[in-house]
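Data from work11.txt: compact mmCIF, C-alpha atoms
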```txt
# COMPACT_ATOMS: atom_id res chain seq x y z
CA MET A 1 186.24 102.75 65.69
CA ASN A 2 182.56 103.32 64.91
CA TYR A 3 180.03 100.68 63.91
CA ARG A 4 179.52 100.51 60.15
CA TYR A 5 177.85 97.14 59.67
CA LEU A 6 175.12 95.16 61.42
CA TYR A 7 174.57 91.76 59.80
CA LEU A 8 172.29 88.79 60.19
CA SER A 9 174.04 85.85 58.61
CA CYS A 10 174.12 82.10 58.13
CA ARG A 11 177.14 80.23 56.79
CA TYR A 12 177.39 76.92 55.04
CA PRO A 13 178.53 74.43 56.26
CA ASP A 14 179.51 76.02 59.61
CA SER A 15 175.93 76.71 60.69
CA GLY A 16 174.73 73.13 60.26
CA PHE A 17 172.01 74.27 57.84
CA GLY A 18 171.94 73.11 54.24
CA ALA A 19 173.30 75.12 51.32
CA ASP A 20 169.87 75.84 49.81
CA PHE A 21 168.54 77.13 53.13
CA VAL A 22 171.63 79.28 53.66
CA ASP A 23 171.46 80.84 50.20
CA LYS A 24 167.81 81.78 50.54
CA PHE A 25 168.22 83.03 54.12
CA ARG A 26 171.16 85.26 53.23
CA TYR A 27 169.40 86.78 50.22
CA ASN A 28 166.09 87.24 52.06
CA THR A 29 167.74 88.98 55.02
CA TRP A 30 170.03 91.29 53.06
CA ILE A 31 167.30 93.94 53.02
CA LEU A 32 167.88 94.28 56.77
CA CYS A 33 171.67 94.02 56.68
CA ASN A 34 171.79 96.81 54.11
CA TYR A 35 169.28 99.00 55.96
CA LEU A 36 170.80 98.60 59.42
CA SER A 37 174.35 99.14 58.16
CA LEU A 38 173.41 102.35 56.34
CA GLN A 39 171.52 103.67 59.35
CA VAL A 40 174.04 102.74 62.06
CA ARG A 41 176.74 104.75 60.28
CA LYS A 42 174.68 107.90 60.81
CA LEU A 43 174.79 107.39 64.59
CA HIS A 44 178.61 107.39 64.91
CA LEU A 45 178.46 104.79 67.68
CA PRO A 46 181.91 103.64 68.85
CA SER A 47 182.59 99.96 69.32
CA ASP A 48 184.58 98.81 72.33
CA GLY A 49 187.36 97.25 70.27
CA ASP A 50 189.07 96.94 66.93
CA TYR A 51 185.92 96.06 65.00
CA ASN A 52 183.21 97.93 63.09
CA LEU A 53 181.00 94.96 62.11
CA LEU A 54 178.74 93.04 64.47
CA SER A 55 177.07 89.94 63.09
CA SER A 56 174.41 87.67 64.53
CA SER A 57 175.00 84.36 62.78
CA ILE A 58 172.52 81.54 63.26
CA THR A 59 173.70 78.02 64.00
CA ARG A 60 172.40 74.63 65.04
CA GLY A 61 175.27 74.59 67.54
CA GLU A 62 175.73 76.46 70.78
CA ASN A 63 176.02 80.19 71.31
CA PHE A 64 179.56 81.47 71.15
CA LEU A 65 181.44 84.63 70.28
CA GLU A 66 184.16 84.91 67.67
CA MET A 67 186.42 87.84 66.82
CA PHE A 68 188.14 88.34 63.46
CA PRO A 69 190.58 91.24 64.08
CA SER A 70 191.97 91.28 60.54
CA CYS A 71 188.43 91.85 59.21
CA LYS A 72 187.33 94.13 62.06
CA TYR A 73 184.51 91.68 62.68
CA LEU A 74 182.76 90.47 65.85
CA LYS A 75 180.43 87.52 65.30
CA ALA A 76 177.85 86.25 67.77
CA TRP A 77 176.82 82.71 66.85
CA VAL A 78 173.18 82.31 67.89
CA HIS A 79 171.65 78.90 68.50
CA VAL A 80 168.38 78.32 66.66
CA SER A 81 166.37 75.16 67.28
CA ASP A 82 164.92 72.97 64.56
CA GLU A 83 161.44 73.83 65.89
CA GLU A 84 162.13 77.53 65.34
CA ILE A 85 163.33 76.85 61.82
CA GLN A 86 160.24 74.81 61.00
CA SER A 87 158.06 77.61 62.33
CA TYR A 88 160.00 80.11 60.22
CA LEU A 89 159.65 78.00 57.08
CA SER A 90 155.87 77.98 57.55
CA MET A 91 155.62 81.78 57.71
CA ARG A 92 153.91 83.43 54.75
CA ASP A 93 153.47 86.91 56.16
CA GLU A 94 156.52 89.05 55.39
CA ARG A 95 156.23 90.97 58.65
CA ASP A 96 156.30 87.75 60.66
CA ARG A 97 159.58 86.87 58.97
CA PHE A 98 160.98 90.33 59.63
CA GLU A 99 160.08 90.02 63.30
CA PHE A 100 161.81 86.63 63.43
CA TYR A 101 164.92 88.21 61.88
CA PHE A 102 164.80 91.03 64.44
CA SER A 103 164.58 88.50 67.27
CA LEU A 104 167.69 86.71 65.98
CA LEU A 105 169.59 89.98 65.68
CA GLU A 106 168.61 90.97 69.21
CA ARG A 107 169.73 87.63 70.59
CA GLY A 108 173.11 88.20 68.98
CA TYR A 109 173.37 91.73 70.39
CA ARG A 110 172.51 90.58 73.90
CA PHE A 111 174.83 87.59 73.81
CA ALA A 112 177.73 89.80 72.65
CA ALA A 113 176.80 92.31 75.37
CA GLN A 114 177.67 89.75 78.05
CA THR A 115 181.36 90.38 77.35
CA HIS A 116 181.38 93.57 75.25
CA ASP A 117 179.97 97.05 75.61
CA ILE A 118 177.26 96.77 72.95
CA PRO A 119 174.78 99.67 72.43
CA VAL A 120 171.83 97.29 72.32
CA ASP A 121 169.16 99.93 72.88
CA GLU A 122 170.45 102.06 70.00
CA PHE A 123 170.41 99.05 67.68
CA LEU A 124 166.85 98.20 68.73
CA LYS A 125 165.77 101.75 67.90
CA LEU A 126 166.90 101.05 64.33
CA HIS A 127 164.67 97.98 64.30
CA GLN A 128 161.74 100.15 65.33
CA GLN A 129 162.66 102.72 62.71
CA PHE A 130 162.42 100.01 60.05
CA ARG A 131 158.99 98.99 61.37
CA ASP A 132 157.81 102.59 61.43
CA GLY A 133 158.87 102.93 57.80
CA GLY A 134 156.55 100.12 56.78
CA TYR A 135 159.22 97.38 56.72
CA LYS A 136 160.71 98.91 53.57
CA ASN A 137 164.24 99.65 52.39
CA GLU A 138 163.88 102.39 49.81
CA ARG A 139 166.12 105.42 49.37
CA LEU A 140 166.91 108.15 46.92
CA PHE A 141 169.56 107.56 44.27
CA LYS A 142 169.36 110.64 42.04
CA LYS A 143 166.89 113.23 40.81
CA LYS A 144 167.16 115.47 37.77
CA THR A 145 165.17 118.15 35.96
CA ILE A 146 165.35 117.79 32.17
CA ARG A 147 163.79 120.99 30.89
CA ASP A 148 164.28 120.29 27.18
CA TYR A 149 161.86 117.38 27.54
CA GLY A 150 159.59 119.01 30.11
CA ILE A 151 160.16 116.34 32.77
CA LYS A 152 161.68 115.61 36.13
CA VAL A 153 163.08 112.16 36.95
CA LEU A 154 163.51 110.55 40.34
CA LEU A 155 165.54 107.37 40.77
CA GLU A 156 165.37 105.26 43.92
CA HIS A 157 167.03 102.14 45.28
CA VAL A 158 164.35 99.61 46.23
CA LEU A 159 165.56 96.52 48.08
CA THR A 160 163.18 93.69 48.98
CA GLN A 161 163.61 90.17 50.32
CA TYR A 162 163.55 88.86 46.75
CA ALA A 163 165.28 91.41 44.51
CA TYR A 164 166.94 94.77 44.12
CA HIS A 165 165.24 97.30 41.82
CA LEU A 166 166.25 100.67 40.49
CA ARG A 167 162.95 102.53 40.24
CA LEU A 168 162.52 105.50 37.94
CA ALA A 169 159.58 107.92 38.31
CA VAL A 170 158.73 110.68 35.85
CA THR A 171 156.72 113.85 36.48
CA ASP A 172 156.17 117.01 34.48
CA LEU A 173 157.99 120.20 35.50
CA LYS A 174 155.18 121.07 37.92
CA GLY A 175 155.46 117.70 39.65
CA LYS A 176 152.42 116.03 38.09
CA TYR A 177 152.94 112.26 38.01
CA ILE A 178 153.45 110.70 34.57
CA ASN A 179 154.66 107.15 35.20
CA SER A 180 157.13 105.00 37.11
CA GLY A 181 158.74 101.59 36.80
CA TYR A 182 161.87 99.54 37.30
CA ILE A 183 164.80 100.02 34.92
CA TYR A 184 167.10 97.49 36.62
CA THR A 185 166.41 94.36 38.64
CA THR A 186 168.94 91.94 40.09
CA TYR A 187 169.63 89.75 43.12
CA PRO A 188 169.08 91.32 46.57
CA ASP A 189 172.73 91.68 47.56
CA ASP A 190 174.99 94.75 47.34
CA ILE A 191 177.60 92.78 45.46
CA PHE A 192 175.31 92.76 42.39
CA PHE A 193 174.24 96.40 42.33
CA ASN A 194 176.32 98.62 44.59
CA LYS A 195 179.14 99.31 42.12
CA ASN A 196 176.84 99.24 39.09
CA VAL A 197 174.55 102.08 40.18
CA ARG A 198 176.71 105.06 41.02
CA HIS A 199 176.23 107.96 38.59
CA LEU A 200 173.52 109.56 36.47
CA LEU A 201 174.45 111.06 33.11
CA VAL A 202 171.98 112.98 30.91
CA THR A 203 172.86 113.65 27.27
CA ASP A 204 170.84 115.31 24.51
CA LYS A 205 168.78 112.17 23.94
CA THR A 206 169.45 109.71 26.75
CA LEU A 207 169.49 109.15 30.48
CA MET A 208 172.34 106.85 31.42
CA ILE A 209 173.31 105.02 34.61
CA THR A 210 177.04 104.42 35.00
CA ASP A 211 179.07 102.39 37.48
CA PHE A 212 181.79 103.43 39.93
CA ILE A 213 184.33 103.91 37.11
CA ASP A 214 181.77 105.66 34.89
CA LYS A 215 181.27 102.66 32.63
CA PRO A 216 177.76 102.76 31.07
CA GLN A 217 175.31 100.26 32.55
CA PHE A 218 171.78 101.27 31.54
CA GLU A 219 170.29 103.71 29.07
CA CYS A 220 166.81 105.20 28.67
CA GLN A 221 165.65 107.33 25.77
CA LEU A 222 164.45 110.73 26.98
CA SER A 223 161.73 110.73 24.33
CA ASP A 224 160.38 107.52 25.88
CA LEU A 225 160.40 108.97 29.38
CA ALA A 226 158.64 112.14 28.23
CA ALA A 227 155.95 109.92 26.69
CA GLY A 228 155.57 107.97 29.95
CA ILE A 229 157.35 104.88 28.65
CA ILE A 230 159.65 103.41 31.32
CA ARG A 231 162.18 101.08 29.73
CA SER A 232 165.91 100.69 29.63
CA VAL A 233 168.63 98.85 27.74
CA CYS A 234 171.42 97.15 29.65
CA LEU A 235 174.74 98.16 28.09
CA ASP A 236 177.05 95.87 30.07
CA GLU A 237 177.33 92.20 29.11
CA ASN A 238 178.35 91.04 32.59
CA THR A 239 175.62 93.00 34.35
CA ARG A 240 173.08 91.49 31.96
CA LYS A 241 173.85 87.99 33.29
CA TYR A 242 172.36 88.86 36.69
CA ILE A 243 169.15 90.46 35.46
CA PRO A 244 166.20 88.01 35.53
CA ASN A 245 166.32 85.92 32.37
CA ASP A 246 165.58 82.42 31.12
CA ASP A 247 168.88 81.09 32.47
CA ASN A 248 168.42 82.29 36.04
CA LYS A 249 164.64 82.55 36.50
CA GLU A 250 164.59 79.46 38.72
CA GLU A 251 167.20 81.02 41.02
CA PHE A 252 165.05 84.12 41.43
CA ALA A 253 161.96 81.98 41.96
CA LYS A 254 163.66 80.13 44.85
CA LEU A 255 163.95 83.38 46.80
CA ARG A 256 160.19 83.85 46.94
CA TRP A 257 157.70 82.47 49.48
CA ASP A 258 154.66 82.27 47.18
```

Could you spell out this file's structure in structure tokens?
Amino acid sequence: MNYRYLYLSCRYPDSGFGADFVDKFRYNTWILCNYLSLQVRKLHLPSDGDYNLLSSSITRGENFLEMFPSCKYLKAWVHVSDEEIQSYLSMRDERDRFEFYFSLLERGYRFAAQTHDIPVDEFLKLHQQFRDGGYKNERLFKKKTIRDYGIKVLLEHVLTQYAYHLRLAVTDLKGKYINSGYIYTTYPDDIFFNKNVRHLLVTDKTLMITDFIDKPQFECQLSDLAAGIIRSVCLDENTRKYIPNDDNKEEFAKLRWD
């Protein structure tokens, strides 16, 4: 069984950290969980047991290892002191926080490696790959040439510590930049966007994003895009609830470190 997931996690109340801390930590670190999981799948690294997910989960308690065979899940609980947490909470540089996250992941890898055959060095290479990429998690979603409107569109997944964005860039047919912007923003966790952003459909007048069952989610007018206007309309009532709005703006604000 090959590794498919590398997670950094924190659970409430098991970890001993408060619910607000846990929520923010899990959202802020999902950029790494998503990146590492996508990249580790490309390596086809076999695990040494009936699991494909390795998690480093921080705790106020002692280090220990826990296996969940039914979920194919090996969890390394990693002790983190209150002093380390206070230092973390004072960090304002994003890269300092990323390096702290990497240190926690590595501690989990090495603790699990005491009793399991863990490819620590290969995992650490993925950490360095993330650094070399500028500490960013951005990847192609779709690209399309729309000759009737004289444009090309490029859509990319952009995941940060604070939000997920679907970014749309427009060029002319020769590749000259026209404009770019976000057409969808939601919480930084796959559960909010993974199934919603699956397919691209272009009609005579619109560009549409559909979900995993081809249900329309977002729509842009091609005439707008050709004019350099980047805007979309959300077509799904449930999806709309998790886009930043007056009802949830405080929840989004809590994820930031401003």

Calculated over all atoms listed in the file, which of the candidates A:Arg167, A:Phe25, A:Leu36, A:Asn196 has the smallest distance to Phe100 (chain A)? A:Phe25

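For Leu124 (chain A), the residues within 12 Å (counting all atoms listed in the file, excluding itself and residues fewer than 2 positions away along the chain) are A:Leu6, A:Leu36, A:Gln39, A:Val40, A:Glu99, A:Phe102, A:Ser103, A:Leu104, A:Leu105, A:Glu106, A:Arg107, A:Gly108, A:Tyr109, A:Arg110, A:Ile118, A:Pro119, A:Val120, A:Asp121, A:Glu122, A:Leu126, A:His127, A:Gln128, A:Gln129, A:Phe130, A:Arg131.
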
Write out, as JSON lines, each residue of region 102-180 of chain A that has an atom at most 10 Å from region 200-218 of chain A, together with the closest pair of atoms and their distance in Å to one decimal, counting all atoms listed in the file, rows going by chain and rising number.
```
{"residue": "A:Phe141", "atom": "CA", "partner": "A:Leu200", "partner_atom": "CA", "distance": 9.0}
{"residue": "A:Lys142", "atom": "CA", "partner": "A:Leu200", "partner_atom": "CA", "distance": 7.0}
{"residue": "A:Lys143", "atom": "CA", "partner": "A:Leu200", "partner_atom": "CA", "distance": 8.7}
{"residue": "A:Lys144", "atom": "CA", "partner": "A:Val202", "partner_atom": "CA", "distance": 8.7}
{"residue": "A:Thr145", "atom": "CA", "partner": "A:Val202", "partner_atom": "CA", "distance": 9.9}
{"residue": "A:Ile146", "atom": "CA", "partner": "A:Val202", "partner_atom": "CA", "distance": 8.3}
{"residue": "A:Asp148", "atom": "CA", "partner": "A:Asp204", "partner_atom": "CA", "distance": 8.7}
{"residue": "A:Tyr149", "atom": "CA", "partner": "A:Lys205", "partner_atom": "CA", "distance": 9.4}
{"residue": "A:Val153", "atom": "CA", "partner": "A:Leu207", "partner_atom": "CA", "distance": 9.6}
{"residue": "A:Leu155", "atom": "CA", "partner": "A:Leu200", "partner_atom": "CA", "distance": 9.3}
```

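In this model, the gap between CA of Tyr187 (chain A) and CA of Ala163 (chain A) comes to 4.9 Å.
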
For Tyr182 (chain A), work out the shell of residues within 8 Å, counting only C-alpha atoms and skipping chain neighbours fewer than 2 positions away, then give it as a ChimeraX atom specification. /A:165-168,180,184-185,230-231

I want to know what sits within 6 Å of region 157-159 of chain A, based on all atoms listed in the file, with residues of the same chain fewer than 5 positions away left out; could you give that as an mmCIF file with C-alpha atoms, in the frame of the given file?
```cif
data_model
loop_
_atom_site.group_PDB
_atom_site.id
_atom_site.type_symbol
_atom_site.label_atom_id
_atom_site.label_comp_id
_atom_site.auth_asym_id
_atom_site.auth_seq_id
_atom_site.Cartn_x
_atom_site.Cartn_y
_atom_site.Cartn_z
ATOM 1 C CA ILE A 31 167.300 93.940 53.020
ATOM 2 C CA ASN A 137 164.240 99.650 52.390
ATOM 3 C CA GLU A 138 163.880 102.390 49.810
ATOM 4 C CA ARG A 139 166.120 105.420 49.370
ATOM 5 C CA TYR A 164 166.940 94.770 44.120
ATOM 6 C CA HIS A 165 165.240 97.300 41.820
ATOM 7 C CA LEU A 166 166.250 100.670 40.490
#
```

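Excluding Glu251 (chain A) itself and same-chain residues fewer than 6 positions from it, the residues having an atom within 12 Å of it are Asp20, Asp23, Lys24, Tyr27, Tyr162, Ala163, Thr186, Tyr187, Pro188, Tyr242, Ile243, Pro244 and Asn245 of chain A, counting only C-alpha atoms.
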
With C-alpha atoms retained, write the just-selected residues as a CSV table (one decimal), keeping the file's coordinate frame.
```
chain,number,residue,atom,x,y,z
A,20,ASP,CA,169.9,75.8,49.8
A,23,ASP,CA,171.5,80.8,50.2
A,24,LYS,CA,167.8,81.8,50.5
A,27,TYR,CA,169.4,86.8,50.2
A,162,TYR,CA,163.6,88.9,46.8
A,163,ALA,CA,165.3,91.4,44.5
A,186,THR,CA,168.9,91.9,40.1
A,187,TYR,CA,169.6,89.8,43.1
A,188,PRO,CA,169.1,91.3,46.6
A,242,TYR,CA,172.4,88.9,36.7
A,243,ILE,CA,169.2,90.5,35.5
A,244,PRO,CA,166.2,88.0,35.5
A,245,ASN,CA,166.3,85.9,32.4
```

Quick one: residues within 9 Å of region 45-56 of chain A, only C-alpha atoms counted, chain neighbours fewer than 4 positions away excluded, as a ChimeraX atom specification? /A:1-10,37,40-41,67-78,104-109,112,116-119,122

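Pairwise distance (CA of Lys241 (chain A), CA of Asn28 (chain A)) equals 20.3 Å.
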
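Straight-line separation from CA of Trp257 (chain A) to CA of Ile183 (chain A): 23.9 Å.
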
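Proximity ranking of A:Arg26, A:Lys42, A:Lys176, A:Lys249 relative to Phe123 (chain A) places A:Lys42 first, based on all atoms listed in the file.
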
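The residue that comes closest to Ile191 (chain A), out of A:Tyr35, A:Trp30, A:Asp246, A:Gly61 and on the basis of all atoms listed in the file, is A:Trp30.
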
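Each of A:Phe98, A:Phe252, A:Phe17, A:Phe193 was checked against His79 (chain A) using only C-alpha atoms; the smallest atom-to-atom distance is that of A:Phe17.
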